[in-house]
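Shown here: run24.pdb, PDB, N, CA and C atoms, pLDDT in the B column.
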ATOM      1  N   MET S   1       1.474   6.248   0.596  1.00 80.00           N
ATOM      2  CA  MET S   1       2.246   7.168   1.375  1.00 80.00           C
ATOM      3  C   MET S   1       3.045   6.357   2.387  1.00 80.00           C
ATOM      4  N   ALA S   2       4.328   6.627   2.479  1.00 88.00           N
ATOM      5  CA  ALA S   2       5.197   5.941   3.435  1.00 88.00           C
ATOM      6  C   ALA S   2       5.721   6.953   4.450  1.00 88.00           C
ATOM      7  N   TYR S   3       6.024   6.470   5.632  1.00 87.00           N
ATOM      8  CA  TYR S   3       6.536   7.360   6.667  1.00 87.00           C
ATOM      9  C   TYR S   3       7.543   6.605   7.535  1.00 87.00           C
ATOM     10  N   ASP S   4       8.429   7.354   8.135  1.00 91.00           N
ATOM     11  CA  ASP S   4       9.441   6.813   9.037  1.00 91.00           C
ATOM     12  C   ASP S   4       9.393   7.574  10.351  1.00 91.00           C
ATOM     13  N   LEU S   5       9.698   6.881  11.421  1.00 90.00           N
ATOM     14  CA  LEU S   5       9.817   7.486  12.746  1.00 90.00           C
ATOM     15  C   LEU S   5      11.300   7.506  13.084  1.00 90.00           C
ATOM     16  N   VAL S   6      11.852   8.707  13.294  1.00 91.00           N
ATOM     17  CA  VAL S   6      13.285   8.870  13.520  1.00 91.00           C
ATOM     18  C   VAL S   6      13.500   9.506  14.887  1.00 91.00           C
ATOM     19  N   LEU S   7      14.471   8.958  15.622  1.00 89.00           N
ATOM     20  CA  LEU S   7      14.809   9.467  16.940  1.00 89.00           C
ATOM     21  C   LEU S   7      16.319   9.659  16.988  1.00 89.00           C
ATOM     22  N   ASN S   8      16.759  10.898  17.175  1.00 89.00           N
ATOM     23  CA  ASN S   8      18.189  11.224  17.217  1.00 89.00           C
ATOM     24  C   ASN S   8      18.954  10.693  16.001  1.00 89.00           C
ATOM     25  N   GLY S   9      18.347  10.764  14.844  1.00 88.00           N
ATOM     26  CA  GLY S   9      19.005  10.347  13.618  1.00 88.00           C
ATOM     27  C   GLY S   9      18.919   8.862  13.305  1.00 88.00           C
ATOM     28  N   TYR S  10      18.272   8.089  14.154  1.00 85.00           N
ATOM     29  CA  TYR S  10      18.112   6.650  13.935  1.00 85.00           C
ATOM     30  C   TYR S  10      16.649   6.336  13.617  1.00 85.00           C
ATOM     31  N   GLU S  11      16.467   5.515  12.600  1.00 87.00           N
ATOM     32  CA  GLU S  11      15.101   5.106  12.271  1.00 87.00           C
ATOM     33  C   GLU S  11      14.651   4.074  13.293  1.00 87.00           C
ATOM     34  N   VAL S  12      13.562   4.372  13.984  1.00 89.00           N
ATOM     35  CA  VAL S  12      13.045   3.451  14.993  1.00 89.00           C
ATOM     36  C   VAL S  12      11.722   2.823  14.578  1.00 89.00           C
ATOM     37  N   GLY S  13      11.221   3.200  13.423  1.00 91.00           N
ATOM     38  CA  GLY S  13       9.984   2.603  12.938  1.00 91.00           C
ATOM     39  C   GLY S  13       9.622   3.156  11.576  1.00 91.00           C
ATOM     40  N   GLY S  14       8.689   2.505  10.956  1.00 92.00           N
ATOM     41  CA  GLY S  14       8.223   2.964   9.652  1.00 92.00           C
ATOM     42  C   GLY S  14       6.938   2.259   9.270  1.00 92.00           C
ATOM     43  N   GLY S  15       6.287   2.794   8.271  1.00 93.00           N
ATOM     44  CA  GLY S  15       5.036   2.198   7.837  1.00 93.00           C
ATOM     45  C   GLY S  15       4.526   2.880   6.589  1.00 93.00           C
ATOM     46  N   SER S  16       3.279   2.592   6.254  1.00 93.00           N
ATOM     47  CA  SER S  16       2.683   3.200   5.068  1.00 93.00           C
ATOM     48  C   SER S  16       1.169   3.100   5.114  1.00 93.00           C
ATOM     49  N   ILE S  17       0.536   3.942   4.323  1.00 91.00           N
ATOM     50  CA  ILE S  17      -0.898   3.864   4.086  1.00 91.00           C
ATOM     51  C   ILE S  17      -1.064   3.207   2.723  1.00 91.00           C
ATOM     52  N   ARG S  18      -1.830   2.154   2.653  1.00 89.00           N
ATOM     53  CA  ARG S  18      -2.022   1.406   1.414  1.00 89.00           C
ATOM     54  C   ARG S  18      -2.944   2.150   0.450  1.00 89.00           C
ATOM     55  N   ILE S  19      -2.873   1.784  -0.827  1.00 90.00           N
ATOM     56  CA  ILE S  19      -3.762   2.365  -1.836  1.00 90.00           C
ATOM     57  C   ILE S  19      -5.198   2.006  -1.463  1.00 90.00           C
ATOM     58  N   HIS S  20      -6.070   3.000  -1.432  1.00 91.00           N
ATOM     59  CA  HIS S  20      -7.471   2.747  -1.086  1.00 91.00           C
ATOM     60  C   HIS S  20      -8.424   3.384  -2.097  1.00 91.00           C
ATOM     61  N   ASP S  21      -7.940   3.605  -3.305  1.00 90.00           N
ATOM     62  CA  ASP S  21      -8.754   4.179  -4.377  1.00 90.00           C
ATOM     63  C   ASP S  21      -8.635   3.269  -5.598  1.00 90.00           C
ATOM     64  N   SER S  22      -9.771   2.800  -6.129  1.00 89.00           N
ATOM     65  CA  SER S  22      -9.743   1.832  -7.226  1.00 89.00           C
ATOM     66  C   SER S  22      -9.078   2.394  -8.480  1.00 89.00           C
ATOM     67  N   GLU S  23      -9.247   3.681  -8.760  1.00 90.00           N
ATOM     68  CA  GLU S  23      -8.635   4.261  -9.952  1.00 90.00           C
ATOM     69  C   GLU S  23      -7.114   4.317  -9.819  1.00 90.00           C
ATOM     70  N   ILE S  24      -6.619   4.676  -8.661  1.00 91.00           N
ATOM     71  CA  ILE S  24      -5.168   4.698  -8.446  1.00 91.00           C
ATOM     72  C   ILE S  24      -4.610   3.285  -8.550  1.00 91.00           C
ATOM     73  N   GLN S  25      -5.329   2.305  -7.993  1.00 92.00           N
ATOM     74  CA  GLN S  25      -4.857   0.920  -8.076  1.00 92.00           C
ATOM     75  C   GLN S  25      -4.832   0.458  -9.529  1.00 92.00           C
ATOM     76  N   SER S  26      -5.843   0.788 -10.309  1.00 92.00           N
ATOM     77  CA  SER S  26      -5.871   0.432 -11.731  1.00 92.00           C
ATOM     78  C   SER S  26      -4.705   1.081 -12.473  1.00 92.00           C
ATOM     79  N   GLN S  27      -4.422   2.330 -12.139  1.00 94.00           N
ATOM     80  CA  GLN S  27      -3.292   3.049 -12.734  1.00 94.00           C
ATOM     81  C   GLN S  27      -1.968   2.342 -12.411  1.00 94.00           C
ATOM     82  N   MET S  28      -1.822   1.881 -11.185  1.00 94.00           N
ATOM     83  CA  MET S  28      -0.609   1.173 -10.790  1.00 94.00           C
ATOM     84  C   MET S  28      -0.462  -0.137 -11.561  1.00 94.00           C
ATOM     85  N   PHE S  29      -1.560  -0.859 -11.741  1.00 96.00           N
ATOM     86  CA  PHE S  29      -1.513  -2.085 -12.531  1.00 96.00           C
ATOM     87  C   PHE S  29      -1.040  -1.788 -13.945  1.00 96.00           C
ATOM     88  N   ARG S  30      -1.587  -0.744 -14.559  1.00 95.00           N
ATOM     89  CA  ARG S  30      -1.171  -0.374 -15.917  1.00 95.00           C
ATOM     90  C   ARG S  30       0.312  -0.012 -15.951  1.00 95.00           C
ATOM     91  N   THR S  31       0.770   0.698 -14.946  1.00 96.00           N
ATOM     92  CA  THR S  31       2.166   1.127 -14.873  1.00 96.00           C
ATOM     93  C   THR S  31       3.122  -0.065 -14.845  1.00 96.00           C
ATOM     94  N   ILE S  32       2.738  -1.131 -14.167  1.00 95.00           N
ATOM     95  CA  ILE S  32       3.622  -2.297 -14.080  1.00 95.00           C
ATOM     96  C   ILE S  32       3.318  -3.336 -15.159  1.00 95.00           C
ATOM     97  N   GLY S  33       2.480  -2.965 -16.118  1.00 96.00           N
ATOM     98  CA  GLY S  33       2.256  -3.820 -17.273  1.00 96.00           C
ATOM     99  C   GLY S  33       1.129  -4.824 -17.147  1.00 96.00           C
ATOM    100  N   ILE S  34       0.246  -4.645 -16.187  1.00 96.00           N
ATOM    101  CA  ILE S  34      -0.913  -5.531 -16.047  1.00 96.00           C
ATOM    102  C   ILE S  34      -2.107  -4.827 -16.677  1.00 96.00           C
ATOM    103  N   GLY S  35      -2.640  -5.408 -17.732  1.00 94.00           N
ATOM    104  CA  GLY S  35      -3.773  -4.819 -18.445  1.00 94.00           C
ATOM    105  C   GLY S  35      -5.078  -4.975 -17.689  1.00 94.00           C
ATOM    106  N   GLU S  36      -6.109  -4.320 -18.191  1.00 92.00           N
ATOM    107  CA  GLU S  36      -7.430  -4.324 -17.552  1.00 92.00           C
ATOM    108  C   GLU S  36      -7.977  -5.746 -17.394  1.00 92.00           C
ATOM    109  N   THR S  37      -7.875  -6.554 -18.451  1.00 95.00           N
ATOM    110  CA  THR S  37      -8.413  -7.916 -18.399  1.00 95.00           C
ATOM    111  C   THR S  37      -7.686  -8.760 -17.359  1.00 95.00           C
ATOM    112  N   GLU S  38      -6.360  -8.711 -17.359  1.00 96.00           N
ATOM    113  CA  GLU S  38      -5.583  -9.478 -16.391  1.00 96.00           C
ATOM    114  C   GLU S  38      -5.837  -8.981 -14.972  1.00 96.00           C
ATOM    115  N   ALA S  39      -5.930  -7.674 -14.796  1.00 95.00           N
ATOM    116  CA  ALA S  39      -6.197  -7.102 -13.473  1.00 95.00           C
ATOM    117  C   ALA S  39      -7.545  -7.585 -12.956  1.00 95.00           C
ATOM    118  N   ARG S  40      -8.552  -7.576 -13.817  1.00 94.00           N
ATOM    119  CA  ARG S  40      -9.886  -8.049 -13.423  1.00 94.00           C
ATOM    120  C   ARG S  40      -9.860  -9.530 -13.085  1.00 94.00           C
ATOM    121  N   GLN S  41      -9.134 -10.306 -13.884  1.00 96.00           N
ATOM    122  CA  GLN S  41      -9.065 -11.747 -13.679  1.00 96.00           C
ATOM    123  C   GLN S  41      -8.366 -12.087 -12.363  1.00 96.00           C
ATOM    124  N   LYS S  42      -7.250 -11.437 -12.086  1.00 96.00           N
ATOM    125  CA  LYS S  42      -6.447 -11.770 -10.909  1.00 96.00           C
ATOM    126  C   LYS S  42      -6.814 -10.985  -9.656  1.00 96.00           C
ATOM    127  N   PHE S  43      -7.274  -9.746  -9.847  1.00 94.00           N
ATOM    128  CA  PHE S  43      -7.481  -8.862  -8.697  1.00 94.00           C
ATOM    129  C   PHE S  43      -8.860  -8.202  -8.695  1.00 94.00           C
ATOM    130  N   GLY S  44      -9.827  -8.803  -9.369  1.00 93.00           N
ATOM    131  CA  GLY S  44     -11.167  -8.229  -9.443  1.00 93.00           C
ATOM    132  C   GLY S  44     -11.788  -7.988  -8.081  1.00 93.00           C
ATOM    133  N   TYR S  45     -11.574  -8.931  -7.168  1.00 92.00           N
ATOM    134  CA  TYR S  45     -12.116  -8.793  -5.813  1.00 92.00           C
ATOM    135  C   TYR S  45     -11.585  -7.530  -5.132  1.00 92.00           C
ATOM    136  N   LEU S  46     -10.313  -7.221  -5.347  1.00 90.00           N
ATOM    137  CA  LEU S  46      -9.699  -6.037  -4.746  1.00 90.00           C
ATOM    138  C   LEU S  46     -10.260  -4.763  -5.370  1.00 90.00           C
ATOM    139  N   LEU S  47     -10.322  -4.731  -6.694  1.00 91.00           N
ATOM    140  CA  LEU S  47     -10.841  -3.547  -7.376  1.00 91.00           C
ATOM    141  C   LEU S  47     -12.297  -3.296  -7.003  1.00 91.00           C
ATOM    142  N   ASP S  48     -13.087  -4.365  -6.865  1.00 92.00           N
ATOM    143  CA  ASP S  48     -14.491  -4.207  -6.452  1.00 92.00           C
ATOM    144  C   ASP S  48     -14.584  -3.650  -5.041  1.00 92.00           C
ATOM    145  N   ALA S  49     -13.783  -4.185  -4.140  1.00 90.00           N
ATOM    146  CA  ALA S  49     -13.801  -3.708  -2.752  1.00 90.00           C
ATOM    147  C   ALA S  49     -13.422  -2.236  -2.685  1.00 90.00           C
ATOM    148  N   LEU S  50     -12.390  -1.847  -3.442  1.00 90.00           N
ATOM    149  CA  LEU S  50     -11.968  -0.447  -3.440  1.00 90.00           C
ATOM    150  C   LEU S  50     -13.036   0.444  -4.047  1.00 90.00           C
ATOM    151  N   ALA S  51     -13.742  -0.044  -5.074  1.00 89.00           N
ATOM    152  CA  ALA S  51     -14.807   0.739  -5.712  1.00 89.00           C
ATOM    153  C   ALA S  51     -15.969   0.982  -4.751  1.00 89.00           C
ATOM    154  N   TYR S  52     -16.197   0.058  -3.824  1.00 91.00           N
ATOM    155  CA  TYR S  52     -17.279   0.219  -2.851  1.00 91.00           C
ATOM    156  C   TYR S  52     -16.890   1.128  -1.693  1.00 91.00           C
ATOM    157  N   GLY S  53     -15.638   1.558  -1.662  1.00 86.00           N
ATOM    158  CA  GLY S  53     -15.230   2.515  -0.632  1.00 86.00           C
ATOM    159  C   GLY S  53     -14.515   1.891   0.540  1.00 86.00           C
ATOM    160  N   ALA S  54     -13.623   0.956   0.284  1.00 83.00           N
ATOM    161  CA  ALA S  54     -12.831   0.389   1.376  1.00 83.00           C
ATOM    162  C   ALA S  54     -12.058   1.519   2.069  1.00 83.00           C
ATOM    163  N   PRO S  55     -12.017   1.499   3.395  1.00 86.00           N
ATOM    164  CA  PRO S  55     -11.335   2.584   4.114  1.00 86.00           C
ATOM    165  C   PRO S  55      -9.821   2.494   3.983  1.00 86.00           C
ATOM    166  N   PRO S  56      -9.135   3.614   4.173  1.00 87.00           N
ATOM    167  CA  PRO S  56      -7.676   3.591   4.185  1.00 87.00           C
ATOM    168  C   PRO S  56      -7.181   2.674   5.307  1.00 87.00           C
ATOM    169  N   HIS S  57      -6.075   1.993   5.077  1.00 87.00           N
ATOM    170  CA  HIS S  57      -5.497   1.157   6.113  1.00 87.00           C
ATOM    171  C   HIS S  57      -3.975   1.194   6.008  1.00 87.00           C
ATOM    172  N   GLY S  58      -3.342   0.981   7.097  1.00 91.00           N
ATOM    173  CA  GLY S  58      -1.893   1.015   7.131  1.00 91.00           C
ATOM    174  C   GLY S  58      -1.406   0.597   8.495  1.00 91.00           C
ATOM    175  N   GLY S  59      -0.157   0.848   8.743  1.00 90.00           N
ATOM    176  CA  GLY S  59       0.374   0.452  10.027  1.00 90.00           C
ATOM    177  C   GLY S  59       1.735   1.047  10.286  1.00 90.00           C
ATOM    178  N   LEU S  60       2.264   0.708  11.426  1.00 89.00           N
ATOM    179  CA  LEU S  60       3.572   1.186  11.868  1.00 89.00           C
ATOM    180  C   LEU S  60       4.308  -0.005  12.483  1.00 89.00           C
ATOM    181  N   ALA S  61       5.516  -0.226  12.041  1.00 91.00           N
ATOM    182  CA  ALA S  61       6.349  -1.283  12.614  1.00 91.00           C
ATOM    183  C   ALA S  61       7.508  -0.624  13.346  1.00 91.00           C
ATOM    184  N   LEU S  62       7.689  -0.969  14.588  1.00 89.00           N
ATOM    185  CA  LEU S  62       8.778  -0.414  15.380  1.00 89.00           C
ATOM    186  C   LEU S  62      10.011  -1.298  15.258  1.00 89.00           C
ATOM    187  N   ALA S  63      11.154  -0.694  15.348  1.00 81.00           N
ATOM    188  CA  ALA S  63      12.415  -1.428  15.217  1.00 81.00           C
ATOM    189  C   ALA S  63      13.025  -1.655  16.604  1.00 81.00           C
ATOM    190  N   TRP S  64      13.749  -2.735  16.731  1.00 76.00           N
ATOM    191  CA  TRP S  64      14.482  -3.022  17.956  1.00 76.00           C
ATOM    192  C   TRP S  64      15.939  -2.632  17.698  1.00 76.00           C
ATOM    193  N   ILE S  65      16.410  -1.693  18.485  1.00 66.00           N
ATOM    194  CA  ILE S  65      17.768  -1.194  18.286  1.00 66.00           C
ATOM    195  C   ILE S  65      18.652  -1.720  19.410  1.00 66.00           C
ATOM    196  N   ALA S  66      19.715  -2.419  19.011  1.00 68.00           N
ATOM    197  CA  ALA S  66      20.670  -2.930  20.004  1.00 68.00           C
ATOM    198  C   ALA S  66      22.037  -2.300  19.688  1.00 68.00           C
ATOM    199  N   TRP S  67      22.511  -1.518  20.616  1.00 63.00           N
ATOM    200  CA  TRP S  67      23.823  -0.875  20.404  1.00 63.00           C
ATOM    201  C   TRP S  67      24.888  -1.644  21.086  1.00 63.00           C
TER
END

Rewrite the coordinates I just gave you, this time as structure tokens.
Amino acid sequence: MAYDLVLNGYEVGGGSIRIHDSEIQSQMFRTIGIGETEARQKFGYLLDALAYGAPPHGGLALAWIAW
């Protein structure tokens, strides 16, 4: 999920909540052409962490506006 902070029509910040569900992450890997074996080989640590219930995480970056 992505979000933007807008003030008077100008974007002053933005951010997102990262994927925190192992099944959704696996689905994304398949969508971009990374198979189960390759995903496990390269990103097994991530899939394991998500399977154990890693909490949602994200952030907000503010912009510096100079007119």

Requested in this report: Skip region 20-29 of chain S itself and residues of its chain fewer than 5 positions away, then list as a PyMOL selection string all residues within 6.5 Å of it, counting only N, CA and C atoms.
Outcome: chain S and resi 34-35+47+50-51+54-57

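Distances from S:Leu46, S:Val12, S:Thr37, S:Ile19 to Ala61 (chain S) were compared using all atoms listed in the file, and the smallest one belongs to S:Val12.
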
Excluding Leu5 (chain S) and any residue of its chain fewer than 5 positions from it, enumerate the residues within 8 Å of it, using all atoms listed in the file, and give them as an mmCIF file with N, CA and C atoms, in the coordinates of the input.
data_model
loop_
_atom_site.group_PDB
_atom_site.id
_atom_site.type_symbol
_atom_site.label_atom_id
_atom_site.label_comp_id
_atom_site.auth_asym_id
_atom_site.auth_seq_id
_atom_site.Cartn_x
_atom_site.Cartn_y
_atom_site.Cartn_z
ATOM 1 N N TYR S 10 18.272 8.089 14.154
ATOM 2 C CA TYR S 10 18.112 6.650 13.935
ATOM 3 C C TYR S 10 16.649 6.336 13.617
ATOM 4 N N GLU S 11 16.467 5.515 12.600
ATOM 5 C CA GLU S 11 15.101 5.106 12.271
ATOM 6 C C GLU S 11 14.651 4.074 13.293
ATOM 7 N N VAL S 12 13.562 4.372 13.984
ATOM 8 C CA VAL S 12 13.045 3.451 14.993
ATOM 9 C C VAL S 12 11.722 2.823 14.578
ATOM 10 N N GLY S 13 11.221 3.200 13.423
ATOM 11 C CA GLY S 13 9.984 2.603 12.938
ATOM 12 C C GLY S 13 9.622 3.156 11.576
ATOM 13 N N GLY S 14 8.689 2.505 10.956
ATOM 14 C CA GLY S 14 8.223 2.964 9.652
ATOM 15 C C GLY S 14 6.938 2.259 9.270
ATOM 16 N N GLY S 15 6.287 2.794 8.271
ATOM 17 C CA GLY S 15 5.036 2.198 7.837
ATOM 18 C C GLY S 15 4.526 2.880 6.589
#

Can you check which residues of region 3-67 of chain S DSSP gives as strand (DSSP E) on the backbone and send them as a short mmCIF file (atom, residue, chain, number, x, y, z; two decimals) with N, CA and C atoms, in the coordinates of the input?
data_model
loop_
_atom_site.label_atom_id
_atom_site.label_comp_id
_atom_site.auth_asym_id
_atom_site.auth_seq_id
_atom_site.Cartn_x
_atom_site.Cartn_y
_atom_site.Cartn_z
N TYR S 3 6.02 6.47 5.63
CA TYR S 3 6.54 7.36 6.67
C TYR S 3 7.54 6.60 7.54
N ASP S 4 8.43 7.35 8.14
CA ASP S 4 9.44 6.81 9.04
C ASP S 4 9.39 7.57 10.35
N LEU S 5 9.70 6.88 11.42
CA LEU S 5 9.82 7.49 12.75
C LEU S 5 11.30 7.51 13.08
N VAL S 6 11.85 8.71 13.29
CA VAL S 6 13.28 8.87 13.52
C VAL S 6 13.50 9.51 14.89
N LEU S 7 14.47 8.96 15.62
CA LEU S 7 14.81 9.47 16.94
C LEU S 7 16.32 9.66 16.99
N TYR S 10 18.27 8.09 14.15
CA TYR S 10 18.11 6.65 13.94
C TYR S 10 16.65 6.34 13.62
N GLU S 11 16.47 5.52 12.60
CA GLU S 11 15.10 5.11 12.27
C GLU S 11 14.65 4.07 13.29
N VAL S 12 13.56 4.37 13.98
CA VAL S 12 13.04 3.45 14.99
C VAL S 12 11.72 2.82 14.58
N GLY S 13 11.22 3.20 13.42
CA GLY S 13 9.98 2.60 12.94
C GLY S 13 9.62 3.16 11.58
N GLY S 14 8.69 2.50 10.96
CA GLY S 14 8.22 2.96 9.65
C GLY S 14 6.94 2.26 9.27
N GLY S 15 6.29 2.79 8.27
CA GLY S 15 5.04 2.20 7.84
C GLY S 15 4.53 2.88 6.59
N SER S 16 3.28 2.59 6.25
CA SER S 16 2.68 3.20 5.07
C SER S 16 1.17 3.10 5.11
N ILE S 17 0.54 3.94 4.32
CA ILE S 17 -0.90 3.86 4.09
C ILE S 17 -1.06 3.21 2.72
N GLY S 58 -3.34 0.98 7.10
CA GLY S 58 -1.89 1.01 7.13
C GLY S 58 -1.41 0.60 8.49
N GLY S 59 -0.16 0.85 8.74
CA GLY S 59 0.37 0.45 10.03
C GLY S 59 1.74 1.05 10.29
N LEU S 60 2.26 0.71 11.43
CA LEU S 60 3.57 1.19 11.87
C LEU S 60 4.31 0.00 12.48
N ALA S 61 5.52 -0.23 12.04
CA ALA S 61 6.35 -1.28 12.61
C ALA S 61 7.51 -0.62 13.35
N LEU S 62 7.69 -0.97 14.59
CA LEU S 62 8.78 -0.41 15.38
C LEU S 62 10.01 -1.30 15.26
#

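Between atom N of Gly58 (chain S) and atom C of Gly9 (chain S) the interatomic distance comes to 24.4 Å.
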
With all atoms of region 11-15 of chain S from the file as input, state the centre and edge lengths in Å to one decimal of the axis-aligned box that has 4 Å extra on each side, as JSON.
{"center_x": 10.5, "center_y": 3.9, "center_z": 10.8, "size_x": 19.9, "size_y": 11.3, "size_z": 16.4}
